[in-house]
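Novice: Pasting a structure here, questions to come.
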Amino acid sequence: MTDLAASPTVTGIDRSLPRLGQGFVWQDLHVGQRMRTFRRTITETDLVQFIGVTGMLEAIFIEDGYEGAAMAGRPVPGALTYTLIEGFILQTMIQGTGLAMLELHQKILAPVQVGDTIEAVIEVTAIRPTSRHGRAVVTSRIDVHNQHGAMVMTYTATRLLAGRD
């Protein structure tokens, strides 16, 4: 067995190889294209870590059975639902190609609670190439659904995406 780290013949990584997990460049997308994310069940740990790091220490999130709550169960902040879905999008659709979030319009339609499973459908609604560096402004509608198929959130994201070299 050869120790590659100590070998003087190793010349580096072949940059022509396809990169695993590379997101779409804007030329790979088209208006009307739809795709869906993976599903994810929101846990108590997700809620506790999220409210701890963001400071969203409202009684409805930190006290199980809070008597002033508008609903039963363990509701989670809409921001947690949004960030989990954005995590899927960043890890898959725009990994390495997303350059900037330019605009976001969000509407929360129904509560999400600990134990709910969420997933999203993304639809590309507009693509506008820019005059600089082969980039484009890409707008998508993201509809988030729970395990029952109910839409719990919808948002429109406008992002700057890289193009092919």
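Identifiers for the structure tokens are assigned positionally: chains receive A, B, ... in sequence, residues are indexed from 1 per chain, and ligands are indexed from 1 in the order shown.
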I'd like a table as a tab-separated table: residues in range 3-73 of chain A with an atom no more than 8 Å from range 99-116 of chain A, each row giving the shortest atom pair and its distance in Å to one decimal, only C-alpha atoms counted, sorted by chain and rising residue number.
Specialist:
residue	atom	partner	partner_atom	distance
A:Thr41	CA	A:Asp116	CA	5.5
A:Ile42	CA	A:Val114	CA	5.3
A:Thr43	CA	A:Val114	CA	5.3
A:Glu44	CA	A:Val114	CA	5.8
A:Leu47	CA	A:Val114	CA	7.4
A:Gly73	CA	A:Gln113	CA	6.8
Novice: Can you pull out the residues contacting Val31 in chain A? Cut-off 9 Å, using only C-alpha atoms, and skip same-chain residues under 3 positions away; I want them as JSON, numbers by chain.
Specialist: {"A": [34, 123, 124, 125, 126, 127, 140]}
Novice: Here is a test: counting only C-alpha atoms, which residue of A:His30, A:Arg19, A:Arg40, A:His145 is nearest to Thr97 in chain A?
Specialist: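 Using only C-alpha atoms, Thr97 in chain A sits closest to A:Arg19.
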Novice: Smallest atom-to-atom distance to Gly96 in chain A: which of A:Arg36, A:His148, A:Arg74, A:Arg164, using only C-alpha atoms?
Specialist: A:Arg164
Novice: Output as a ChimeraX atom specification all residues of chain A that backbone DSSP marks as alpha helix (DSSP H).
Specialist: /A:44-54,59-62,78-92
Novice: Which residue out of A:Gly12, A:Ala120, A:Glu67, A:Gly163 has the minimum interatomic distance to Thr83 in chain A when only C-alpha atoms are used?
Specialist: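 The closest residue to Thr83 in chain A is A:Ala120.
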Novice: I'd like the interatomic distance between CA of Phe88 in chain A and CA of Ile60 in chain A, to a tenth of an Å.
Specialist: 26.5 Å
Novice: From a DSSP calculation on the backbone, collect every residue of range 5-106 of chain A in strand (DSSP E or B) and output the set as a PyMOL selection string.
Specialist: chain A and resi 34-36+40-41+75+98-106
Novice: Between A:Ile51, A:Ala162, A:Val121, A:Val25, which one has atoms that come closest to Ala79 in chain A, using only C-alpha atoms?
Specialist: A:Ile51
Novice: So the first atom is CA of Thr37 in chain A and the second is CA of Leu90 in chain A; what is the distance between them in Å, to one decimal place?
Specialist: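 Distance reported for this atom pair: 10.6 Å.
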Novice: Mind pulling up the distance from CA of Thr92 in chain A to CA of Gly23 in chain A?
Specialist: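 CA of Thr92 in chain A lies at a distance of 5.6 Å from CA of Gly23 in chain A.
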Novice: Between A:Gln22, A:Thr81, A:Gln33, A:Gln49, which has the minimum distance to Met153 in chain A (counting only C-alpha atoms)?
Specialist: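 Smallest distance to Met153 in chain A is found for A:Thr81.
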Novice: Using only C-alpha atoms, find the one residue out of A:Gly149, A:Gln95, A:Glu63, A:Ala69 that sits nearest to Leu20 in chain A.
Specialist: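 Among A:Gly149, A:Gln95, A:Glu63, A:Ala69, it is A:Gln95 that comes nearest to Leu20 in chain A.
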